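Listing of query_1.cif; format and content: mmCIF, C-alpha atoms.
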```cif
data_work
#
loop_
_atom_site.group_PDB
_atom_site.id
_atom_site.type_symbol
_atom_site.label_atom_id
_atom_site.label_comp_id
_atom_site.auth_asym_id
_atom_site.auth_seq_id
_atom_site.Cartn_x
_atom_site.Cartn_y
_atom_site.Cartn_z
ATOM 1 C CA MET A 292 25.726 180.242 29.876
ATOM 2 C CA VAL A 293 22.743 181.880 28.171
ATOM 3 C CA ARG A 294 19.504 181.340 30.089
ATOM 4 C CA ILE A 295 16.299 181.073 28.050
ATOM 5 C CA LYS A 296 13.000 182.340 29.411
ATOM 6 C CA PRO A 297 10.607 179.417 30.064
ATOM 7 C CA LEU A 298 7.958 178.991 27.377
ATOM 8 C CA HIS A 299 5.132 178.742 29.896
ATOM 9 C CA PHE A 300 5.609 182.420 30.834
ATOM 10 C CA GLY A 301 3.900 183.500 27.604
ATOM 11 C CA ASN A 302 4.744 187.109 26.765
ATOM 12 C CA LYS A 303 5.716 188.081 30.322
ATOM 13 C CA PRO A 304 9.134 187.882 32.021
ATOM 14 C CA TYR A 305 7.449 186.068 34.903
ATOM 15 C CA PHE A 306 4.858 183.302 35.333
ATOM 16 C CA SER A 307 1.666 185.297 35.831
ATOM 17 C CA PHE A 308 -1.438 183.839 37.454
ATOM 18 C CA LYS A 309 -3.387 184.746 34.327
ATOM 19 C CA GLN A 310 -1.004 182.597 32.312
ATOM 20 C CA PHE A 311 -1.305 179.781 34.870
ATOM 21 C CA LEU A 312 -5.103 179.799 34.560
ATOM 22 C CA LEU A 313 -4.964 179.879 30.757
ATOM 23 C CA GLN A 314 -2.831 176.755 30.815
ATOM 24 C CA LYS A 315 -4.972 175.035 33.459
ATOM 25 C CA PHE A 316 -8.371 175.697 31.857
ATOM 26 C CA ASN A 317 -9.648 175.937 28.304
ATOM 27 C CA PHE A 318 -11.772 178.973 29.138
ATOM 28 C CA PRO A 319 -11.354 182.302 30.976
ATOM 29 C CA VAL A 320 -11.315 182.042 34.780
ATOM 30 C CA TYR A 321 -11.460 184.980 37.186
ATOM 31 C CA LYS A 322 -11.459 185.512 40.950
ATOM 32 C CA LEU A 323 -14.424 186.914 42.856
ATOM 33 C CA CYS A 324 -13.727 188.013 46.449
ATOM 34 C CA VAL A 325 -16.343 187.319 49.124
ATOM 35 C CA ASP A 326 -16.544 188.031 52.846
ATOM 36 C CA ALA A 327 -17.711 184.994 54.818
ATOM 37 C CA GLY A 328 -17.746 186.802 58.166
ATOM 38 C CA PHE A 329 -14.669 185.160 59.678
ATOM 39 C CA THR A 330 -12.446 186.728 62.301
ATOM 40 C CA CYS A 331 -8.828 185.945 63.207
ATOM 41 C CA PRO A 332 -7.210 184.226 66.222
ATOM 42 C CA ASN A 333 -4.887 187.209 66.445
ATOM 43 C CA ARG A 334 -7.926 189.419 67.075
ATOM 44 C CA ASP A 335 -10.372 187.368 69.116
ATOM 45 C CA GLY A 336 -7.962 186.485 71.927
ATOM 46 C CA ARG A 337 -6.911 182.950 71.042
ATOM 47 C CA VAL A 338 -3.515 184.270 69.919
ATOM 48 C CA GLY A 339 -3.888 188.000 70.528
ATOM 49 C CA TYR A 340 -6.267 190.950 70.367
ATOM 50 C CA GLU A 341 -4.610 193.664 68.315
ATOM 51 C CA GLY A 342 -3.823 191.752 65.130
ATOM 52 C CA CYS A 343 -0.781 192.237 62.927
ATOM 53 C CA THR A 344 0.701 195.723 63.145
ATOM 54 C CA TYR A 345 -0.065 196.506 59.487
ATOM 55 C CA CYS A 346 -3.518 194.924 59.239
ATOM 56 C CA TYR A 347 -6.818 196.651 58.620
ATOM 57 C CA ASN A 348 -8.715 194.369 56.249
ATOM 58 C CA PRO A 349 -11.210 196.896 54.844
ATOM 59 C CA GLY A 350 -8.245 198.673 53.321
ATOM 60 C CA PHE A 351 -7.254 195.652 51.253
ATOM 61 C CA SER A 352 -10.533 193.880 50.521
ATOM 62 C CA PRO A 353 -13.434 195.198 48.440
ATOM 63 C CA VAL A 354 -15.986 193.140 50.335
ATOM 64 C CA VAL A 355 -15.662 193.777 54.098
ATOM 65 C CA THR A 356 -19.000 195.515 54.268
ATOM 66 C CA PHE A 357 -21.253 193.775 56.783
ATOM 67 C CA ASP A 358 -21.454 192.721 60.399
ATOM 68 C CA ARG A 359 -19.354 189.627 60.892
ATOM 69 C CA GLY A 360 -21.112 186.412 61.835
ATOM 70 C CA ASP A 361 -21.943 182.879 60.748
ATOM 71 C CA ASN A 362 -25.618 183.250 59.894
ATOM 72 C CA TYR A 363 -25.380 186.541 58.040
ATOM 73 C CA ALA A 364 -22.501 185.284 55.890
ATOM 74 C CA LEU A 365 -24.276 182.065 54.973
ATOM 75 C CA MET A 366 -27.485 183.909 54.122
ATOM 76 C CA HIS A 367 -25.824 186.573 51.986
ATOM 77 C CA ILE A 368 -22.866 184.825 50.351
ATOM 78 C CA GLN A 369 -24.844 184.081 47.178
ATOM 79 C CA GLU A 370 -26.010 187.683 47.071
ATOM 80 C CA GLN A 371 -22.392 188.812 47.158
ATOM 81 C CA ILE A 372 -21.466 186.466 44.329
ATOM 82 C CA GLN A 373 -24.327 187.602 42.108
ATOM 83 C CA ARG A 374 -23.526 191.276 42.725
ATOM 84 C CA LEU A 375 -19.850 190.754 41.968
ATOM 85 C CA ARG A 376 -20.568 188.792 38.802
ATOM 86 C CA LEU A 377 -22.734 191.603 37.491
ATOM 87 C CA LYS A 378 -20.152 194.200 38.467
ATOM 88 C CA SER A 379 -17.252 192.360 36.837
ATOM 89 C CA LYS A 380 -19.092 191.999 33.470
ATOM 90 C CA ARG A 381 -16.611 189.220 32.670
ATOM 91 C CA LYS A 382 -17.687 186.177 30.711
ATOM 92 C CA GLY A 383 -16.157 182.936 31.899
ATOM 93 C CA LYS A 384 -15.874 180.840 35.023
ATOM 94 C CA PHE A 385 -14.926 181.925 38.538
ATOM 95 C CA LEU A 386 -12.832 181.030 41.528
ATOM 96 C CA ILE A 387 -14.503 182.275 44.701
ATOM 97 C CA TYR A 388 -11.886 183.892 46.926
ATOM 98 C CA PHE A 389 -12.655 183.801 50.655
ATOM 99 C CA GLN A 390 -10.424 186.765 51.402
ATOM 100 C CA PRO A 391 -10.901 188.830 54.587
ATOM 101 C CA TYR A 392 -9.324 187.536 57.780
ATOM 102 C CA THR A 393 -8.891 183.769 58.404
ATOM 103 C CA ASN A 394 -11.226 181.625 56.317
ATOM 104 C CA THR A 395 -10.505 178.230 57.871
ATOM 105 C CA TYR A 396 -11.030 179.560 61.399
ATOM 106 C CA GLY A 397 -14.296 177.819 62.156
ATOM 107 C CA SER A 398 -15.967 174.487 62.749
ATOM 108 C CA LEU A 399 -16.036 171.803 60.065
ATOM 109 C CA GLU A 400 -19.800 172.262 59.880
ATOM 110 C CA ARG A 401 -19.523 175.985 59.225
ATOM 111 C CA LEU A 402 -16.795 175.568 56.624
ATOM 112 C CA THR A 403 -18.695 172.814 54.847
ATOM 113 C CA ALA A 404 -21.886 174.891 54.718
ATOM 114 C CA LEU A 405 -20.080 177.913 53.258
ATOM 115 C CA TYR A 406 -18.021 176.013 50.707
ATOM 116 C CA ASP A 407 -21.030 173.945 49.614
ATOM 117 C CA VAL A 408 -23.317 176.914 49.042
ATOM 118 C CA VAL A 409 -20.667 178.673 46.944
ATOM 119 C CA LEU A 410 -19.901 175.620 44.819
ATOM 120 C CA GLN A 411 -23.574 175.233 43.911
ATOM 121 C CA ASN A 412 -23.024 177.911 41.256
ATOM 122 C CA GLU A 413 -22.517 176.314 37.837
ATOM 123 C CA ASP A 414 -19.960 178.886 36.769
ATOM 124 C CA VAL A 415 -17.773 178.384 39.876
ATOM 125 C CA VAL A 416 -14.854 176.020 39.234
ATOM 126 C CA GLY A 417 -13.104 176.281 42.571
ATOM 127 C CA LEU A 418 -12.132 178.165 45.701
ATOM 128 C CA CYS A 419 -9.263 180.287 46.945
ATOM 129 C CA ILE A 420 -9.191 180.259 50.749
ATOM 130 C CA GLY A 421 -7.145 182.847 52.631
ATOM 131 C CA THR A 422 -5.876 181.607 55.994
ATOM 132 C CA ARG A 423 -3.037 181.428 58.525
ATOM 133 C CA PRO A 424 -0.655 178.510 59.100
ATOM 134 C CA ASP A 425 -1.903 178.093 62.675
ATOM 135 C CA CYS A 426 -5.513 177.567 61.540
ATOM 136 C CA VAL A 427 -5.290 174.439 59.388
ATOM 137 C CA GLY A 428 -5.682 171.343 61.524
ATOM 138 C CA ASP A 429 -5.597 167.939 59.860
ATOM 139 C CA GLU A 430 -9.393 167.626 59.900
ATOM 140 C CA ILE A 431 -9.746 170.913 58.029
ATOM 141 C CA LEU A 432 -7.105 169.893 55.499
ATOM 142 C CA SER A 433 -8.874 166.580 54.959
ATOM 143 C CA LEU A 434 -12.142 168.447 54.346
ATOM 144 C CA ILE A 435 -10.515 170.749 51.787
ATOM 145 C CA GLU A 436 -8.774 167.756 50.190
ATOM 146 C CA GLU A 437 -12.199 166.263 49.470
ATOM 147 C CA TYR A 438 -13.230 169.419 47.599
ATOM 148 C CA ALA A 439 -9.933 169.353 45.672
ATOM 149 C CA LYS A 440 -10.938 166.027 44.116
ATOM 150 C CA ASN A 441 -13.620 167.777 42.050
ATOM 151 C CA TYR A 442 -12.702 171.470 42.113
ATOM 152 C CA HIS A 443 -9.673 173.711 41.672
ATOM 153 C CA ILE A 444 -8.701 174.657 45.234
ATOM 154 C CA TRP A 445 -6.067 177.080 46.526
ATOM 155 C CA LEU A 446 -5.068 177.603 50.134
ATOM 156 C CA GLU A 447 -3.504 181.054 50.488
ATOM 157 C CA TYR A 448 -1.227 181.216 53.509
ATOM 158 C CA GLY A 449 -0.273 184.548 55.020
ATOM 159 C CA LEU A 450 3.396 184.324 56.000
ATOM 160 C CA GLN A 451 4.946 187.748 55.212
ATOM 161 C CA SER A 452 8.521 186.693 56.147
ATOM 162 C CA ILE A 453 10.476 183.549 57.021
ATOM 163 C CA HIS A 454 12.297 185.400 59.805
ATOM 164 C CA ASP A 455 10.881 184.826 63.298
ATOM 165 C CA TYR A 456 12.247 188.133 64.602
ATOM 166 C CA THR A 457 10.259 189.921 61.894
ATOM 167 C CA LEU A 458 7.119 187.904 62.622
ATOM 168 C CA LYS A 459 7.433 188.902 66.267
ATOM 169 C CA ARG A 460 8.118 192.522 65.318
ATOM 170 C CA ILE A 461 4.863 192.731 63.313
ATOM 171 C CA ASN A 462 2.866 190.814 65.963
ATOM 172 C CA ARG A 463 2.099 188.049 63.507
ATOM 173 C CA GLY A 464 1.251 185.512 66.220
ATOM 174 C CA HIS A 465 2.847 182.427 64.661
ATOM 175 C CA SER A 466 6.341 181.186 63.843
ATOM 176 C CA PHE A 467 8.037 180.098 60.638
ATOM 177 C CA ALA A 468 8.134 176.553 62.030
ATOM 178 C CA GLN A 469 4.314 176.577 62.213
ATOM 179 C CA PHE A 470 4.230 177.700 58.585
ATOM 180 C CA GLU A 471 6.613 174.903 57.529
ATOM 181 C CA ASP A 472 4.431 172.385 59.344
ATOM 182 C CA ALA A 473 1.270 173.663 57.642
ATOM 183 C CA ILE A 474 2.896 173.493 54.196
ATOM 184 C CA ASP A 475 4.180 169.964 54.797
ATOM 185 C CA ARG A 476 0.714 168.807 55.855
ATOM 186 C CA THR A 477 -0.974 170.525 52.899
ATOM 187 C CA LYS A 478 1.270 169.092 50.172
ATOM 188 C CA GLY A 479 0.223 165.872 48.501
ATOM 189 C CA ARG A 480 -3.510 166.496 48.909
ATOM 190 C CA GLY A 481 -4.253 167.978 45.482
ATOM 191 C CA ILE A 482 -4.498 171.466 47.011
ATOM 192 C CA PHE A 483 -2.622 174.343 45.364
ATOM 193 C CA ILE A 484 -0.584 176.445 47.796
ATOM 194 C CA CYS A 485 -0.105 180.214 47.537
ATOM 195 C CA VAL A 486 2.008 182.207 50.018
ATOM 196 C CA HIS A 487 1.753 185.926 50.802
ATOM 197 C CA ILE A 488 4.910 187.912 51.594
ATOM 198 C CA ILE A 489 5.526 191.595 52.300
ATOM 199 C CA LEU A 490 8.613 193.457 51.136
ATOM 200 C CA GLY A 491 9.878 196.290 53.312
ATOM 201 C CA LEU A 492 8.816 195.024 56.726
ATOM 202 C CA PRO A 493 10.443 197.022 59.555
ATOM 203 C CA GLY A 494 14.080 196.118 60.094
ATOM 204 C CA GLU A 495 14.443 193.701 57.191
ATOM 205 C CA THR A 496 17.323 194.051 54.736
ATOM 206 C CA ARG A 497 17.313 193.255 51.031
ATOM 207 C CA THR A 498 19.334 190.123 51.789
ATOM 208 C CA GLU A 499 16.760 188.942 54.326
ATOM 209 C CA MET A 500 13.904 189.524 51.881
ATOM 210 C CA ILE A 501 15.716 187.504 49.226
ATOM 211 C CA GLU A 502 16.258 184.727 51.787
ATOM 212 C CA THR A 503 12.476 184.540 52.149
ATOM 213 C CA VAL A 504 12.006 184.026 48.401
ATOM 214 C CA LYS A 505 14.881 181.542 48.132
ATOM 215 C CA THR A 506 13.453 179.483 50.979
ATOM 216 C CA LEU A 507 9.903 179.483 49.589
ATOM 217 C CA SER A 508 11.212 178.459 46.160
ATOM 218 C CA LYS A 509 12.446 175.186 47.645
ATOM 219 C CA MET A 510 9.260 174.354 49.566
ATOM 220 C CA GLY A 511 7.101 173.077 46.719
ATOM 221 C CA ILE A 512 4.559 175.897 46.731
ATOM 222 C CA ASP A 513 2.515 176.727 43.629
ATOM 223 C CA GLY A 514 1.913 180.467 43.867
ATOM 224 C CA ILE A 515 3.066 183.639 45.558
ATOM 225 C CA LYS A 516 1.608 187.064 46.289
ATOM 226 C CA ILE A 517 4.140 189.853 46.756
ATOM 227 C CA HIS A 518 3.043 192.985 48.610
ATOM 228 C CA HIS A 519 4.977 196.131 49.414
ATOM 229 C CA LEU A 520 4.583 197.486 52.937
ATOM 230 C CA GLN A 521 1.709 199.955 53.161
ATOM 231 C CA VAL A 522 0.754 202.065 56.150
ATOM 232 C CA ILE A 523 -2.983 202.119 56.842
ATOM 233 C CA LYS A 524 -4.862 204.485 59.134
ATOM 234 C CA GLY A 525 -5.815 203.044 62.498
ATOM 235 C CA THR A 526 -3.075 200.401 62.610
ATOM 236 C CA MET A 527 -0.176 200.008 65.028
ATOM 237 C CA LEU A 528 2.116 200.441 62.028
ATOM 238 C CA ALA A 529 0.675 203.909 61.477
ATOM 239 C CA ASP A 530 1.769 204.941 64.974
ATOM 240 C CA GLU A 531 5.267 203.625 64.261
ATOM 241 C CA PHE A 532 5.348 205.445 60.934
ATOM 242 C CA TYR A 533 4.520 208.786 62.543
ATOM 243 C CA GLN A 534 7.282 208.117 65.087
ATOM 244 C CA GLY A 535 9.768 207.726 62.235
ATOM 245 C CA LYS A 536 10.310 204.008 62.881
ATOM 246 C CA VAL A 537 9.053 202.760 59.522
ATOM 247 C CA LYS A 538 10.338 203.426 56.013
ATOM 248 C CA VAL A 539 8.308 202.756 52.870
ATOM 249 C CA PHE A 540 9.351 202.264 49.254
ATOM 250 C CA THR A 541 9.111 204.704 46.392
ATOM 251 C CA PRO A 542 8.282 203.082 43.016
ATOM 252 C CA GLU A 543 11.875 203.732 41.945
ATOM 253 C CA GLU A 544 13.112 201.698 44.922
ATOM 254 C CA PHE A 545 10.514 198.962 44.716
ATOM 255 C CA ILE A 546 10.620 198.101 40.995
ATOM 256 C CA PRO A 547 14.269 196.920 40.906
ATOM 257 C CA LEU A 548 13.771 195.162 44.258
ATOM 258 C CA VAL A 549 10.789 193.117 43.094
ATOM 259 C CA CYS A 550 12.746 192.158 39.978
ATOM 260 C CA ASP A 551 15.628 191.059 42.227
ATOM 261 C CA MET A 552 13.185 188.913 44.190
ATOM 262 C CA LEU A 553 11.648 187.327 41.119
ATOM 263 C CA GLU A 554 15.046 186.425 39.711
ATOM 264 C CA TYR A 555 15.489 184.107 42.710
ATOM 265 C CA LEU A 556 11.938 182.723 42.556
ATOM 266 C CA SER A 557 11.451 179.295 40.988
ATOM 267 C CA PRO A 558 9.979 179.620 37.469
ATOM 268 C CA LYS A 559 7.421 176.955 38.429
ATOM 269 C CA ILE A 560 5.707 179.292 40.925
ATOM 270 C CA ALA A 561 2.804 181.379 39.591
ATOM 271 C CA VAL A 562 2.942 185.046 40.574
ATOM 272 C CA GLN A 563 -0.541 186.041 41.715
ATOM 273 C CA ARG A 564 0.433 189.542 42.834
ATOM 274 C CA LEU A 565 3.437 191.794 42.242
ATOM 275 C CA PHE A 566 2.677 194.659 44.631
ATOM 276 C CA GLY A 567 0.117 195.652 47.233
ATOM 277 C CA GLU A 568 -2.988 197.693 46.671
ATOM 278 C CA VAL A 569 -5.150 199.672 49.077
ATOM 279 C CA LEU A 570 -8.638 199.923 47.629
ATOM 280 C CA ASP A 571 -9.786 202.829 49.795
ATOM 281 C CA GLU A 572 -7.318 205.649 49.181
ATOM 282 C CA LYS A 573 -8.669 207.549 52.191
ATOM 283 C CA LEU A 574 -7.190 204.845 54.440
ATOM 284 C CA LEU A 575 -3.698 204.906 52.917
ATOM 285 C CA ILE A 576 -1.070 206.949 54.723
ATOM 286 C CA ALA A 577 2.009 205.829 52.801
ATOM 287 C CA PRO A 578 3.428 205.193 50.283
ATOM 288 C CA CYS A 579 1.175 207.202 47.990
ATOM 289 C CA TRP A 580 2.416 206.222 44.552
ATOM 290 C CA ILE A 581 1.318 208.564 41.794
ATOM 291 C CA LYS A 582 1.931 206.017 39.041
ATOM 292 C CA PRO A 583 -1.170 203.954 38.162
ATOM 293 C CA LYS A 584 -1.068 200.166 38.321
ATOM 294 C CA ASN A 585 -0.538 199.612 34.619
ATOM 295 C CA GLU A 586 2.553 201.843 34.677
ATOM 296 C CA ILE A 587 4.028 199.868 37.591
ATOM 297 C CA PHE A 588 3.488 196.611 35.699
ATOM 298 C CA ALA A 589 5.045 198.123 32.579
ATOM 299 C CA ALA A 590 8.032 199.426 34.554
ATOM 300 C CA ILE A 591 8.671 195.985 36.072
ATOM 301 C CA GLU A 592 8.633 194.382 32.635
ATOM 302 C CA ALA A 593 10.889 197.134 31.273
ATOM 303 C CA GLU A 594 13.384 196.532 34.089
ATOM 304 C CA PHE A 595 13.513 192.827 33.239
ATOM 305 C CA LEU A 596 14.036 193.713 29.581
ATOM 306 C CA ARG A 597 16.850 196.094 30.500
ATOM 307 C CA ARG A 598 18.520 193.328 32.498
ATOM 308 C CA GLY A 599 17.878 190.643 29.892
ATOM 309 C CA SER A 600 16.441 188.616 32.756
ATOM 310 C CA PHE A 601 13.250 186.904 33.957
ATOM 311 C CA GLN A 602 11.717 185.042 36.911
ATOM 312 C CA GLY A 603 14.048 182.312 38.103
ATOM 313 C CA GLY A 604 16.982 183.613 36.080
ATOM 314 C CA LYS A 605 19.258 183.313 39.110
ATOM 315 C CA SER A 606 17.701 180.086 40.400
ATOM 316 C CA LEU A 607 18.207 177.931 37.285
#
```

Would it be possible to restate this file's structure as structure tokens?
Amino acid sequence: MVRIKPLHFGNKPYFSFKQFLLQKFNFPVYKLCVDAGFTCPNRDGRVGYEGCTYCYNPGFSPVVTFDRGDNYALMHIQEQIQRLRLKSKRKGKFLIYFQPYTNTYGSLERLTALYDVVLQNEDVVGLCIGTRPDCVGDEILSLIEEYAKNYHIWLEYGLQSIHDYTLKRINRGHSFAQFEDAIDRTKGRGIFICVHIILGLPGETRTEMIETVKTLSKMGIDGIKIHHLQVIKGTMLADEFYQGKVKVFTPEEFIPLVCDMLEYLSPKIAVQRLFGEVLDEKLLIAPCWIKPKNEIFAAIEAEFLRRGSFQGGKSL
């Protein structure tokens, strides 16, 4: 049977987030990342102190630049937004992305104050809120549900893998069951759900990675961010890498793998990210890909063309 690429993909072999936003809005919409000064229960002692083995947020976020704390963040969040708007030089509307660490890990009063001050901007149409599945109690979900009645709201859940042995191996601090529970309680509230996964986590096979995508495809999520494992200076993963316990992908290994993954991903799920990116090259130990981003994107599309395939081709 010949499978036809879904029309809503546009000119891509996958359902890009850009395409999703074009279909959702009648005007250009972009993300602006802000740092609201949150920490993480896997760092402050509630769950653990050392964090995930791979995690050093300043390597992945462009905005972890100030001392963390409630008052500073609230005072300077608008300043961040204005600076980022000027820097982006993009004309359109914005989704404000609360990115570093766990952005629902606070009191209802603190969350309300932060979300309210951001949404005062006329050109802000919604929020993207990065969090963990163990930091979304029902009261917090009900608060975010209220915002979703008038704004475009995403909750971005860090998962990384469905396999509990992997989550333990990377010191994630929560289980897949906790993730399932969070997703079940988030659905039906008008909130869009995005899930982050990492390909190449220590000990995982290709089959296990594909199991993660197959499982997520059936869970009713709306978006996915795919990262490749990256080794950052100062992390526990870096120590393991130098001990020869961690392998990373070359572009030639990763490109066919990510296409394999996307072939099993539901065509209804918007792809917000195809591979990881470390913004401060001085922090990156491995893999150091020479190819620029646009060449990686082009190579992924070329691989799909070579296969005559597309996102969801093996799930239809």

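For the point (7.1, 205.6, 45.9) in file coordinates, the residues within 7 Å, using only C-alpha atoms, are Phe540, Thr541, Pro542, Glu543, Pro578, Cys579 and Trp580 of chain A.
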
Go through A:Leu312, A:Val504, A:Leu450, A:Ile515 and flag the residue nearest Cys343 (chain A), using all atoms listed in the file for the distances.
A:Leu450

Near Leu458 (chain A), within 12 Å and counting only C-alpha atoms, which residues show up once chain neighbours fewer than 5 positions away are dropped, as a list in words?
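In the requested format, the answer is Gly342, Cys343, Thr344, Tyr345, Gly449, Leu450, Gln451, Ser452, Ile453, Arg463, Gly464, His465, Ser466, Phe467, Ala468, Gln469, Phe470, Ile488, Ile489, Leu492, Pro493, Gly494 and Glu495 of chain A.
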
Interface rows for region 402-461 of chain A against region 374-389 of chain A: nearest pair, Å to one decimal, 6 Å, only C-alpha atoms, as CSV:
```
residue,atom,partner,partner_atom,distance
A:Asp414,CA,A:Lys384,CA,4.9
A:Val415,CA,A:Phe385,CA,4.7
A:Val416,CA,A:Leu386,CA,5.9
A:Gly417,CA,A:Leu386,CA,4.9
A:Leu418,CA,A:Ile387,CA,4.8
A:Cys419,CA,A:Tyr388,CA,4.5
A:Ile420,CA,A:Phe389,CA,5.0
A:Gly421,CA,A:Phe389,CA,5.9
```

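Picked out by the PyMOL selection byres ((chain A and resi 524) around 10) when it runs on this file: Tyr345, Cys346, Tyr347, Gly350, Gln521, Val522, Ile523, Gly525, Thr526, Met527, Leu528, Ala529, Asp530, Lys573, Leu574, Leu575, Ile576 and Ala577 of chain A.
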
With C-alpha atoms retained, write the just-selected residues as a PDB file, in the frame of the given file.
```pdb
ATOM      1  CA  TYR A 345      -0.065 196.506  59.487  1.00  0.00           C
ATOM      2  CA  CYS A 346      -3.518 194.924  59.239  1.00  0.00           C
ATOM      3  CA  TYR A 347      -6.818 196.651  58.620  1.00  0.00           C
ATOM      4  CA  GLY A 350      -8.245 198.673  53.321  1.00  0.00           C
ATOM      5  CA  GLN A 521       1.709 199.955  53.161  1.00  0.00           C
ATOM      6  CA  VAL A 522       0.754 202.065  56.150  1.00  0.00           C
ATOM      7  CA  ILE A 523      -2.983 202.119  56.842  1.00  0.00           C
ATOM      8  CA  GLY A 525      -5.815 203.044  62.498  1.00  0.00           C
ATOM      9  CA  THR A 526      -3.075 200.401  62.610  1.00  0.00           C
ATOM     10  CA  MET A 527      -0.176 200.008  65.028  1.00  0.00           C
ATOM     11  CA  LEU A 528       2.116 200.441  62.028  1.00  0.00           C
ATOM     12  CA  ALA A 529       0.675 203.909  61.477  1.00  0.00           C
ATOM     13  CA  ASP A 530       1.769 204.941  64.974  1.00  0.00           C
ATOM     14  CA  LYS A 573      -8.669 207.549  52.191  1.00  0.00           C
ATOM     15  CA  LEU A 574      -7.190 204.845  54.440  1.00  0.00           C
ATOM     16  CA  LEU A 575      -3.698 204.906  52.917  1.00  0.00           C
ATOM     17  CA  ILE A 576      -1.070 206.949  54.723  1.00  0.00           C
ATOM     18  CA  ALA A 577       2.009 205.829  52.801  1.00  0.00           C
TER      19      ALA A 577
END
```

CA of Tyr392 (chain A) to CA of Leu490 (chain A), straight-line distance in Å:
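Separating CA of Leu490 (chain A) from CA of Tyr392 (chain A) is a distance of 20.0 Å.
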
Region 415-424 of chain A, all listed atoms, 4 Å padding on each side: what axis-aligned box centre and edge lengths in Å to one decimal come out, as JSON?
```
{"center_x": -9.2, "center_y": 179.4, "center_z": 49.2, "size_x": 25.1, "size_y": 14.8, "size_z": 27.9}
```

Report as a ChimeraX atom specification all protein, DNA and RNA residues lying within 9 Å of Gly481 (chain A), evaluated on all atoms listed in the file, omitting residues in the same chain fewer than 4 positions from it.
/A:436,439-440,443-444,477

Give me, please, the distance in Å between CA of Ser600 (chain A) and CA of Lys538 (chain A), quoted to one decimal.
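Atom-to-atom, CA of Ser600 (chain A) and CA of Lys538 (chain A) are spaced 28.2 Å apart.
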
Within 12 Å of (-12.7, 166.9, 55.8), in the coordinates the file gives, what residues turn up when you count all atoms listed in the file, written out as a list of chain:residue names?
A:Thr395, A:Ser398, A:Leu399, A:Glu400, A:Arg401, A:Leu402, A:Thr403, A:Tyr406, A:Val427, A:Gly428, A:Asp429, A:Glu430, A:Ile431, A:Leu432, A:Ser433, A:Leu434, A:Ile435, A:Glu436, A:Glu437, A:Tyr438, A:Ala439, A:Lys440, A:Arg480

Please produce a file of those selected residues containing C-alpha atoms, as a PDB file, in the frame of the given file.
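The result, stored in out-v6.pdb:
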```pdb
ATOM      1  CA  THR A 395     -10.505 178.230  57.871  1.00  0.00           C
ATOM      2  CA  SER A 398     -15.967 174.487  62.749  1.00  0.00           C
ATOM      3  CA  LEU A 399     -16.036 171.803  60.065  1.00  0.00           C
ATOM      4  CA  GLU A 400     -19.800 172.262  59.880  1.00  0.00           C
ATOM      5  CA  ARG A 401     -19.523 175.985  59.225  1.00  0.00           C
ATOM      6  CA  LEU A 402     -16.795 175.568  56.624  1.00  0.00           C
ATOM      7  CA  THR A 403     -18.695 172.814  54.847  1.00  0.00           C
ATOM      8  CA  TYR A 406     -18.021 176.013  50.707  1.00  0.00           C
ATOM      9  CA  VAL A 427      -5.290 174.439  59.388  1.00  0.00           C
ATOM     10  CA  GLY A 428      -5.682 171.343  61.524  1.00  0.00           C
ATOM     11  CA  ASP A 429      -5.597 167.939  59.860  1.00  0.00           C
ATOM     12  CA  GLU A 430      -9.393 167.626  59.900  1.00  0.00           C
ATOM     13  CA  ILE A 431      -9.746 170.913  58.029  1.00  0.00           C
ATOM     14  CA  LEU A 432      -7.105 169.893  55.499  1.00  0.00           C
ATOM     15  CA  SER A 433      -8.874 166.580  54.959  1.00  0.00           C
ATOM     16  CA  LEU A 434     -12.142 168.447  54.346  1.00  0.00           C
ATOM     17  CA  ILE A 435     -10.515 170.749  51.787  1.00  0.00           C
ATOM     18  CA  GLU A 436      -8.774 167.756  50.190  1.00  0.00           C
ATOM     19  CA  GLU A 437     -12.199 166.263  49.470  1.00  0.00           C
ATOM     20  CA  TYR A 438     -13.230 169.419  47.599  1.00  0.00           C
ATOM     21  CA  ALA A 439      -9.933 169.353  45.672  1.00  0.00           C
ATOM     22  CA  LYS A 440     -10.938 166.027  44.116  1.00  0.00           C
ATOM     23  CA  ARG A 480      -3.510 166.496  48.909  1.00  0.00           C
TER      24      ARG A 480
END
```

Using only C-alpha atoms, which residue out of A:Phe329, A:Lys459, A:Pro424, A:Phe545 lies closest to Tyr396 (chain A)?
A:Phe329

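With all atoms listed in the file as the basis for measurement, A:Thr422 is the residue among A:Thr498, A:Gln314, A:Asn302, A:Thr422 that approaches Asn333 (chain A) most closely.
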
In Å, how far is it from CA of Val537 (chain A) to CA of Gly567 (chain A)?
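Going from CA of Val537 (chain A) over to CA of Gly567 (chain A), I get 16.8 Å.
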
Using only C-alpha atoms, which residue out of A:Val562, A:Glu499, A:Tyr321, A:Asp571 lies closest to Lys303 (chain A)?
A:Val562

May I have the residues within 12 Å of Leu507 (chain A) as a PyMOL selection string, using only C-alpha atoms and disregarding those fewer than 5 positions away in the same chain?
chain A and resi 448+450-453+467+470-471+474+484-488+500-502+512-516+552-553+555-557+559-560

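Of the residues listed (A:Leu410, A:Cys331, A:Ile581, A:Leu570), A:Leu410 shows the shortest atom-to-atom separation from Gln369 (chain A); distances use all atoms listed in the file.
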
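Remark: for Ile587 (chain A), the closest of the candidate residues A:Phe601, A:Ile546, A:Lys536, A:Tyr456 is A:Ile546 (distances computed over all atoms listed in the file).
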
Apply the PyMOL selection byres ((chain A and resi 300) around 12) to the file shown and report the selected residues as a list in words.
Ile295, Lys296, Pro297, Leu298, His299, Gly301, Asn302, Lys303, Pro304, Tyr305, Phe306, Ser307, Phe308, Lys309, Gln310, Phe311, Leu312, Leu313, Gln314, Pro558, Lys559, Ile560, Ala561, Val562, Phe601, Gln602 and Gly603 of chain A
